[in-house]
Amino acid sequence: AQKITQTQPGMFVQEKEAVTLDCTYDTSDPSYGLFWYKQPSSGEMIFLIYQGSYDQQNATEGRYSLNFQKARKSANLVISASQLGDSAMYFCAMREGGYGQNFVFGPGTRLSVLP
Amino acid sequence: DVKVTQSSRYLVKRTGEKVFLECVQDMDHENMFWYRQDPGLGLRLIYFSYDVKMKEKGDIPEGYSVSREKKERFSLILESASTNQTSMYLCASSITQGSNQPQHFGDGTRLSIL
């Protein structure tokens, strides 16, 4: 069973506008972490932001924020004031358990920022 | 900053060859991982290692083996390369404890098998 779902294969956003990339997850473990990565066309995976299952507040890192709705099991990434350099693939991932060693990745969303 | 280095960005090999992909990390991480990435399929785990000489199969281990003789180095081996192993290969490392710790990735190796 797929544990991470990203329902948007591709998204377009106008430069300087905000965009939300969806991620839903499935786990029965009460302790887990959710991560977002960015992969530009050059191929490297860049860690963006983390949200823990016990965190009371939504995570923020600069222009990135996470809309975490635990009851709905969703962890959507919000990018504010989009820039051309934000065009990339974005992956949502989950790590289960305090000592969990493995990550599960979603299929990704390709974001294109239009000038 | 954590540095994960993959030996090649681009590699072209022939069917039947034995292929080695090397990965080195400099942060004393216990865990190391090999993924392959194909369009529309996301990242799929091939093997991971949680300690020296220890390894676990991931989701798609067939046709691959791994070696971890030293903590900092994790090698992926294609015993007899086939065209369906043409893909992007990503190495990652992470510490063991704490679910708030991300995986750190190398730049990837684009492997073509002719």
# chains A, B, ... in the order shown; residues from 1 in each chain; ligands from 1
$ closest_atom_pairs --of "chain A" --to "chain B" --cutoff "12 Å" --atoms "only C-alpha atoms" --output "JSON lines"
{"residue": "A:Gln2", "atom": "CA", "partner": "B:Leu41", "partner_atom": "CA", "distance": 11.7}
{"residue": "A:Ile4", "atom": "CA", "partner": "B:Gly42", "partner_atom": "CA", "distance": 10.8}
{"residue": "A:Thr5", "atom": "CA", "partner": "B:Gly42", "partner_atom": "CA", "distance": 11.0}
{"residue": "A:Gln6", "atom": "CA", "partner": "B:Gly42", "partner_atom": "CA", "distance": 10.6}
{"residue": "A:Thr7", "atom": "CA", "partner": "B:Gly40", "partner_atom": "CA", "distance": 12.0}
{"residue": "A:Gln8", "atom": "CA", "partner": "B:Gly40", "partner_atom": "CA", "distance": 11.6}
{"residue": "A:Pro9", "atom": "CA", "partner": "B:Gly40", "partner_atom": "CA", "distance": 8.4}
{"residue": "A:Gly10", "atom": "CA", "partner": "B:Gly40", "partner_atom": "CA", "distance": 11.1}
{"residue": "A:Asp29", "atom": "CA", "partner": "B:Ser99", "partner_atom": "CA", "distance": 11.5}
{"residue": "A:Pro30", "atom": "CA", "partner": "B:Ser99", "partner_atom": "CA", "distance": 11.4}
{"residue": "A:Ser31", "atom": "CA", "partner": "B:Ser99", "partner_atom": "CA", "distance": 7.7}
{"residue": "A:Tyr32", "atom": "CA", "partner": "B:Ser99", "partner_atom": "CA", "distance": 6.0}
{"residue": "A:Gly33", "atom": "CA", "partner": "B:Ser99", "partner_atom": "CA", "distance": 5.5}
{"residue": "A:Leu34", "atom": "CA", "partner": "B:Asn100", "partner_atom": "CA", "distance": 8.0}
{"residue": "A:Phe35", "atom": "CA", "partner": "B:Pro102", "partner_atom": "CA", "distance": 7.1}
{"residue": "A:Trp36", "atom": "CA", "partner": "B:Pro102", "partner_atom": "CA", "distance": 9.3}
{"residue": "A:Tyr37", "atom": "CA", "partner": "B:Pro102", "partner_atom": "CA", "distance": 9.5}
{"residue": "A:Lys38", "atom": "CA", "partner": "B:Phe105", "partner_atom": "CA", "distance": 11.2}
{"residue": "A:Gln39", "atom": "CA", "partner": "B:Asp107", "partner_atom": "CA", "distance": 9.9}
{"residue": "A:Pro40", "atom": "CA", "partner": "B:Asp107", "partner_atom": "CA", "distance": 10.6}
{"residue": "A:Ser41", "atom": "CA", "partner": "B:Asp107", "partner_atom": "CA", "distance": 11.0}
{"residue": "A:Ser42", "atom": "CA", "partner": "B:Asp107", "partner_atom": "CA", "distance": 8.0}
{"residue": "A:Gly43", "atom": "CA", "partner": "B:Asp107", "partner_atom": "CA", "distance": 6.1}
{"residue": "A:Glu44", "atom": "CA", "partner": "B:Asp107", "partner_atom": "CA", "distance": 4.3}
{"residue": "A:Met45", "atom": "CA", "partner": "B:Phe105", "partner_atom": "CA", "distance": 5.8}
{"residue": "A:Ile46", "atom": "CA", "partner": "B:Phe105", "partner_atom": "CA", "distance": 7.5}
{"residue": "A:Phe47", "atom": "CA", "partner": "B:Pro102", "partner_atom": "CA", "distance": 7.2}
{"residue": "A:Leu48", "atom": "CA", "partner": "B:Pro102", "partner_atom": "CA", "distance": 9.6}
{"residue": "A:Ile49", "atom": "CA", "partner": "B:Pro102", "partner_atom": "CA", "distance": 9.0}
{"residue": "A:Tyr50", "atom": "CA", "partner": "B:Asn100", "partner_atom": "CA", "distance": 7.0}
{"residue": "A:Gln51", "atom": "CA", "partner": "B:Asn100", "partner_atom": "CA", "distance": 7.6}
{"residue": "A:Gly52", "atom": "CA", "partner": "B:Asn100", "partner_atom": "CA", "distance": 6.4}
{"residue": "A:Ser53", "atom": "CA", "partner": "B:Ser99", "partner_atom": "CA", "distance": 9.4}
{"residue": "A:Tyr54", "atom": "CA", "partner": "B:Asn100", "partner_atom": "CA", "distance": 10.6}
{"residue": "A:Asp55", "atom": "CA", "partner": "B:Asn100", "partner_atom": "CA", "distance": 10.6}
{"residue": "A:Met89", "atom": "CA", "partner": "B:Gly42", "partner_atom": "CA", "distance": 10.0}
{"residue": "A:Tyr90", "atom": "CA", "partner": "B:Gly42", "partner_atom": "CA", "distance": 10.3}
{"residue": "A:Phe91", "atom": "CA", "partner": "B:Gly42", "partner_atom": "CA", "distance": 8.2}
{"residue": "A:Cys92", "atom": "CA", "partner": "B:Gly42", "partner_atom": "CA", "distance": 10.3}
{"residue": "A:Ala93", "atom": "CA", "partner": "B:Pro102", "partner_atom": "CA", "distance": 9.5}
{"residue": "A:Met94", "atom": "CA", "partner": "B:Ser99", "partner_atom": "CA", "distance": 9.0}
{"residue": "A:Arg95", "atom": "CA", "partner": "B:Ser99", "partner_atom": "CA", "distance": 6.0}
{"residue": "A:Glu96", "atom": "CA", "partner": "B:Ser99", "partner_atom": "CA", "distance": 6.6}
{"residue": "A:Gly97", "atom": "CA", "partner": "B:Ser99", "partner_atom": "CA", "distance": 6.1}
{"residue": "A:Gly98", "atom": "CA", "partner": "B:Ser99", "partner_atom": "CA", "distance": 4.9}
{"residue": "A:Tyr99", "atom": "CA", "partner": "B:Gln97", "partner_atom": "CA", "distance": 4.9}
{"residue": "A:Gly100", "atom": "CA", "partner": "B:Ser99", "partner_atom": "CA", "distance": 6.4}
{"residue": "A:Gln101", "atom": "CA", "partner": "B:Thr96", "partner_atom": "CA", "distance": 6.0}
{"residue": "A:Asn102", "atom": "CA", "partner": "B:Phe48", "partner_atom": "CA", "distance": 8.3}
{"residue": "A:Phe103", "atom": "CA", "partner": "B:Gln103", "partner_atom": "CA", "distance": 8.1}
{"residue": "A:Val104", "atom": "CA", "partner": "B:Leu43", "partner_atom": "CA", "distance": 8.4}
{"residue": "A:Phe105", "atom": "CA", "partner": "B:Leu43", "partner_atom": "CA", "distance": 6.3}
{"residue": "A:Gly106", "atom": "CA", "partner": "B:Gly42", "partner_atom": "CA", "distance": 6.5}
{"residue": "A:Pro107", "atom": "CA", "partner": "B:Gly42", "partner_atom": "CA", "distance": 4.3}
{"residue": "A:Gly108", "atom": "CA", "partner": "B:Gly42", "partner_atom": "CA", "distance": 6.3}
{"residue": "A:Thr109", "atom": "CA", "partner": "B:Gly40", "partner_atom": "CA", "distance": 9.7}
{"residue": "A:Arg110", "atom": "CA", "partner": "B:Gly40", "partner_atom": "CA", "distance": 10.5}
$ select_by_dssp --residues "chain A" --states "strand (DSSP E)" --output "PyMOL selection string"
chain A and resi 4-5+10-14+19-21+24-25+32-39+46-52+60-61+64-69+74-79+88-96+103-105+109-114
$ decode --residues "segment 54-69 of chain A" --atoms "all heavy atoms" --output "PDB file, in the first residue's frame"
ATOM      1  N   TYR A  54       4.629  15.113  16.562  1.00  0.00           N
ATOM      2  CA  TYR A  54       4.250  15.697  17.847  1.00  0.00           C
ATOM      3  C   TYR A  54       4.390  17.219  17.883  1.00  0.00           C
ATOM      4  O   TYR A  54       4.106  17.847  18.907  1.00  0.00           O
ATOM      5  CB  TYR A  54       5.083  15.084  18.979  1.00  0.00           C
ATOM      6  CG  TYR A  54       4.827  13.606  19.176  1.00  0.00           C
ATOM      7  CD1 TYR A  54       5.840  12.672  18.984  1.00  0.00           C
ATOM      8  CD2 TYR A  54       3.567  13.133  19.551  1.00  0.00           C
ATOM      9  CE1 TYR A  54       5.611  11.323  19.169  1.00  0.00           C
ATOM     10  CE2 TYR A  54       3.323  11.792  19.732  1.00  0.00           C
ATOM     11  CZ  TYR A  54       4.354  10.880  19.544  1.00  0.00           C
ATOM     12  OH  TYR A  54       4.123   9.533  19.721  1.00  0.00           O
ATOM     13  N   ASP A  55       4.832  17.783  16.773  1.00  0.00           N
ATOM     14  CA  ASP A  55       4.996  19.237  16.740  1.00  0.00           C
ATOM     15  C   ASP A  55       3.640  19.917  16.797  1.00  0.00           C
ATOM     16  O   ASP A  55       2.718  19.548  16.065  1.00  0.00           O
ATOM     17  CB  ASP A  55       5.736  19.657  15.465  1.00  0.00           C
ATOM     18  CG  ASP A  55       7.173  19.196  15.454  1.00  0.00           C
ATOM     19  OD1 ASP A  55       7.670  18.800  16.529  1.00  0.00           O
ATOM     20  OD2 ASP A  55       7.798  19.226  14.376  1.00  0.00           O
ATOM     21  N   GLN A  56       3.555  20.920  17.655  1.00  0.00           N
ATOM     22  CA  GLN A  56       2.289  21.626  17.823  1.00  0.00           C
ATOM     23  C   GLN A  56       2.075  22.701  16.769  1.00  0.00           C
ATOM     24  O   GLN A  56       0.936  23.062  16.452  1.00  0.00           O
ATOM     25  CB  GLN A  56       2.223  22.252  19.215  1.00  0.00           C
ATOM     26  CG  GLN A  56       2.227  21.223  20.349  1.00  0.00           C
ATOM     27  CD  GLN A  56       0.998  20.342  20.293  1.00  0.00           C
ATOM     28  OE1 GLN A  56      -0.131  20.818  20.183  1.00  0.00           O
ATOM     29  NE2 GLN A  56       1.204  19.034  20.353  1.00  0.00           N
ATOM     30  N   GLN A  57       3.174  23.205  16.258  1.00  0.00           N
ATOM     31  CA  GLN A  57       3.063  24.288  15.285  1.00  0.00           C
ATOM     32  C   GLN A  57       3.536  23.823  13.916  1.00  0.00           C
ATOM     33  O   GLN A  57       4.390  22.942  13.799  1.00  0.00           O
ATOM     34  CB  GLN A  57       3.896  25.481  15.743  1.00  0.00           C
ATOM     35  CG  GLN A  57       3.372  26.120  17.030  1.00  0.00           C
ATOM     36  CD  GLN A  57       4.074  27.421  17.333  1.00  0.00           C
ATOM     37  OE1 GLN A  57       5.137  27.692  16.800  1.00  0.00           O
ATOM     38  NE2 GLN A  57       3.478  28.237  18.175  1.00  0.00           N
ATOM     39  N   ASN A  58       3.013  24.465  12.892  1.00  0.00           N
ATOM     40  CA  ASN A  58       3.459  24.172  11.540  1.00  0.00           C
ATOM     41  C   ASN A  58       4.891  24.650  11.347  1.00  0.00           C
ATOM     42  O   ASN A  58       5.262  25.734  11.795  1.00  0.00           O
ATOM     43  CB  ASN A  58       2.539  24.866  10.522  1.00  0.00           C
ATOM     44  CG  ASN A  58       1.186  24.207  10.432  1.00  0.00           C
ATOM     45  OD1 ASN A  58       1.010  23.041  10.811  1.00  0.00           O
ATOM     46  ND2 ASN A  58       0.199  24.938   9.929  1.00  0.00           N
ATOM     47  N   ALA A  59       5.677  23.830  10.647  1.00  0.00           N
ATOM     48  CA  ALA A  59       7.068  24.181  10.402  1.00  0.00           C
ATOM     49  C   ALA A  59       7.168  25.282   9.353  1.00  0.00           C
ATOM     50  O   ALA A  59       6.354  25.367   8.427  1.00  0.00           O
ATOM     51  CB  ALA A  59       7.832  22.943   9.921  1.00  0.00           C
ATOM     52  N   THR A  60       8.170  26.132   9.532  1.00  0.00           N
ATOM     53  CA  THR A  60       8.462  27.164   8.531  1.00  0.00           C
ATOM     54  C   THR A  60       9.968  27.256   8.350  1.00  0.00           C
ATOM     55  O   THR A  60      10.739  27.107   9.309  1.00  0.00           O
ATOM     56  CB  THR A  60       7.925  28.545   8.941  1.00  0.00           C
ATOM     57  OG1 THR A  60       8.542  28.915  10.181  1.00  0.00           O
ATOM     58  CG2 THR A  60       6.421  28.537   9.110  1.00  0.00           C
ATOM     59  N   GLU A  61      10.376  27.485   7.097  1.00  0.00           N
ATOM     60  CA  GLU A  61      11.786  27.710   6.767  1.00  0.00           C
ATOM     61  C   GLU A  61      11.832  28.716   5.629  1.00  0.00           C
ATOM     62  O   GLU A  61      11.652  28.379   4.473  1.00  0.00           O
ATOM     63  CB  GLU A  61      12.462  26.408   6.309  1.00  0.00           C
ATOM     64  CG  GLU A  61      12.757  25.393   7.376  1.00  0.00           C
ATOM     65  CD  GLU A  61      13.897  25.783   8.303  1.00  0.00           C
ATOM     66  OE1 GLU A  61      14.632  26.729   7.959  1.00  0.00           O
ATOM     67  OE2 GLU A  61      14.016  25.157   9.360  1.00  0.00           O
ATOM     68  N   GLY A  62      12.013  29.986   5.993  1.00  0.00           N
ATOM     69  CA  GLY A  62      12.059  31.004   4.961  1.00  0.00           C
ATOM     70  C   GLY A  62      10.751  31.092   4.198  1.00  0.00           C
ATOM     71  O   GLY A  62       9.689  31.295   4.778  1.00  0.00           O
ATOM     72  N   ARG A  63      10.806  30.902   2.877  1.00  0.00           N
ATOM     73  CA  ARG A  63       9.589  30.968   2.046  1.00  0.00           C
ATOM     74  C   ARG A  63       8.785  29.670   2.063  1.00  0.00           C
ATOM     75  O   ARG A  63       7.713  29.606   1.446  1.00  0.00           O
ATOM     76  CB  ARG A  63       9.971  31.321   0.612  1.00  0.00           C
ATOM     77  CG  ARG A  63      10.542  32.723   0.437  1.00  0.00           C
ATOM     78  CD  ARG A  63      10.749  33.070  -1.032  1.00  0.00           C
ATOM     79  NE  ARG A  63      11.682  32.172  -1.685  1.00  0.00           N
ATOM     80  CZ  ARG A  63      11.335  31.284  -2.618  1.00  0.00           C
ATOM     81  NH1 ARG A  63      10.067  31.171  -3.004  1.00  0.00           N
ATOM     82  NH2 ARG A  63      12.255  30.519  -3.185  1.00  0.00           N
ATOM     83  N   TYR A  64       9.321  28.653   2.742  1.00  0.00           N
ATOM     84  CA  TYR A  64       8.621  27.370   2.797  1.00  0.00           C
ATOM     85  C   TYR A  64       7.879  27.225   4.129  1.00  0.00           C
ATOM     86  O   TYR A  64       8.432  27.551   5.184  1.00  0.00           O
ATOM     87  CB  TYR A  64       9.618  26.217   2.667  1.00  0.00           C
ATOM     88  CG  TYR A  64      10.465  26.258   1.431  1.00  0.00           C
ATOM     89  CD1 TYR A  64      11.823  26.560   1.508  1.00  0.00           C
ATOM     90  CD2 TYR A  64       9.917  26.004   0.177  1.00  0.00           C
ATOM     91  CE1 TYR A  64      12.617  26.598   0.383  1.00  0.00           C
ATOM     92  CE2 TYR A  64      10.711  26.038  -0.961  1.00  0.00           C
ATOM     93  CZ  TYR A  64      12.049  26.347  -0.847  1.00  0.00           C
ATOM     94  OH  TYR A  64      12.830  26.387  -1.970  1.00  0.00           O
ATOM     95  N   SER A  65       6.678  26.751   4.061  1.00  0.00           N
ATOM     96  CA  SER A  65       5.947  26.409   5.276  1.00  0.00           C
ATOM     97  C   SER A  65       5.157  25.138   5.021  1.00  0.00           C
ATOM     98  O   SER A  65       4.913  24.755   3.868  1.00  0.00           O
ATOM     99  CB  SER A  65       5.009  27.544   5.707  1.00  0.00           C
ATOM    100  OG  SER A  65       4.058  27.805   4.702  1.00  0.00           O
ATOM    101  N   LEU A  66       4.818  24.475   6.107  1.00  0.00           N
ATOM    102  CA  LEU A  66       4.133  23.203   6.014  1.00  0.00           C
ATOM    103  C   LEU A  66       2.759  23.358   6.644  1.00  0.00           C
ATOM    104  O   LEU A  66       2.658  23.765   7.802  1.00  0.00           O
ATOM    105  CB  LEU A  66       4.947  22.124   6.730  1.00  0.00           C
ATOM    106  CG  LEU A  66       5.116  20.816   5.979  1.00  0.00           C
ATOM    107  CD1 LEU A  66       6.356  20.069   6.416  1.00  0.00           C
ATOM    108  CD2 LEU A  66       3.892  19.958   6.217  1.00  0.00           C
ATOM    109  N   ASN A  67       1.731  23.040   5.904  1.00  0.00           N
ATOM    110  CA  ASN A  67       0.374  23.045   6.429  1.00  0.00           C
ATOM    111  C   ASN A  67       0.068  21.628   6.901  1.00  0.00           C
ATOM    112  O   ASN A  67      -0.327  20.763   6.119  1.00  0.00           O
ATOM    113  CB  ASN A  67      -0.605  23.487   5.342  1.00  0.00           C
ATOM    114  CG  ASN A  67      -2.026  23.579   5.862  1.00  0.00           C
ATOM    115  OD1 ASN A  67      -2.294  23.322   7.037  1.00  0.00           O
ATOM    116  ND2 ASN A  67      -2.950  23.940   5.004  1.00  0.00           N
ATOM    117  N   PHE A  68       0.280  21.402   8.192  1.00  0.00           N
ATOM    118  CA  PHE A  68       0.194  20.063   8.778  1.00  0.00           C
ATOM    119  C   PHE A  68      -1.178  19.875   9.408  1.00  0.00           C
ATOM    120  O   PHE A  68      -1.537  20.577  10.358  1.00  0.00           O
ATOM    121  CB  PHE A  68       1.294  19.887   9.831  1.00  0.00           C
ATOM    122  CG  PHE A  68       1.330  18.541  10.490  1.00  0.00           C
ATOM    123  CD1 PHE A  68       1.264  17.374   9.743  1.00  0.00           C
ATOM    124  CD2 PHE A  68       1.468  18.437  11.876  1.00  0.00           C
ATOM    125  CE1 PHE A  68       1.326  16.131  10.362  1.00  0.00           C
ATOM    126  CE2 PHE A  68       1.531  17.200  12.499  1.00  0.00           C
ATOM    127  CZ  PHE A  68       1.455  16.049  11.744  1.00  0.00           C
ATOM    128  N   GLN A  69      -1.945  18.924   8.873  1.00  0.00           N
ATOM    129  CA  GLN A  69      -3.253  18.586   9.416  1.00  0.00           C
ATOM    130  C   GLN A  69      -3.215  17.119   9.802  1.00  0.00           C
ATOM    131  O   GLN A  69      -3.457  16.228   8.970  1.00  0.00           O
ATOM    132  CB  GLN A  69      -4.344  18.898   8.410  1.00  0.00           C
ATOM    133  CG  GLN A  69      -4.400  20.374   8.047  1.00  0.00           C
ATOM    134  CD  GLN A  69      -5.594  20.707   7.173  1.00  0.00           C
ATOM    135  OE1 GLN A  69      -6.715  20.281   7.427  1.00  0.00           O
ATOM    136  NE2 GLN A  69      -5.345  21.488   6.129  1.00  0.00           N
TER     137      GLN A  69
END
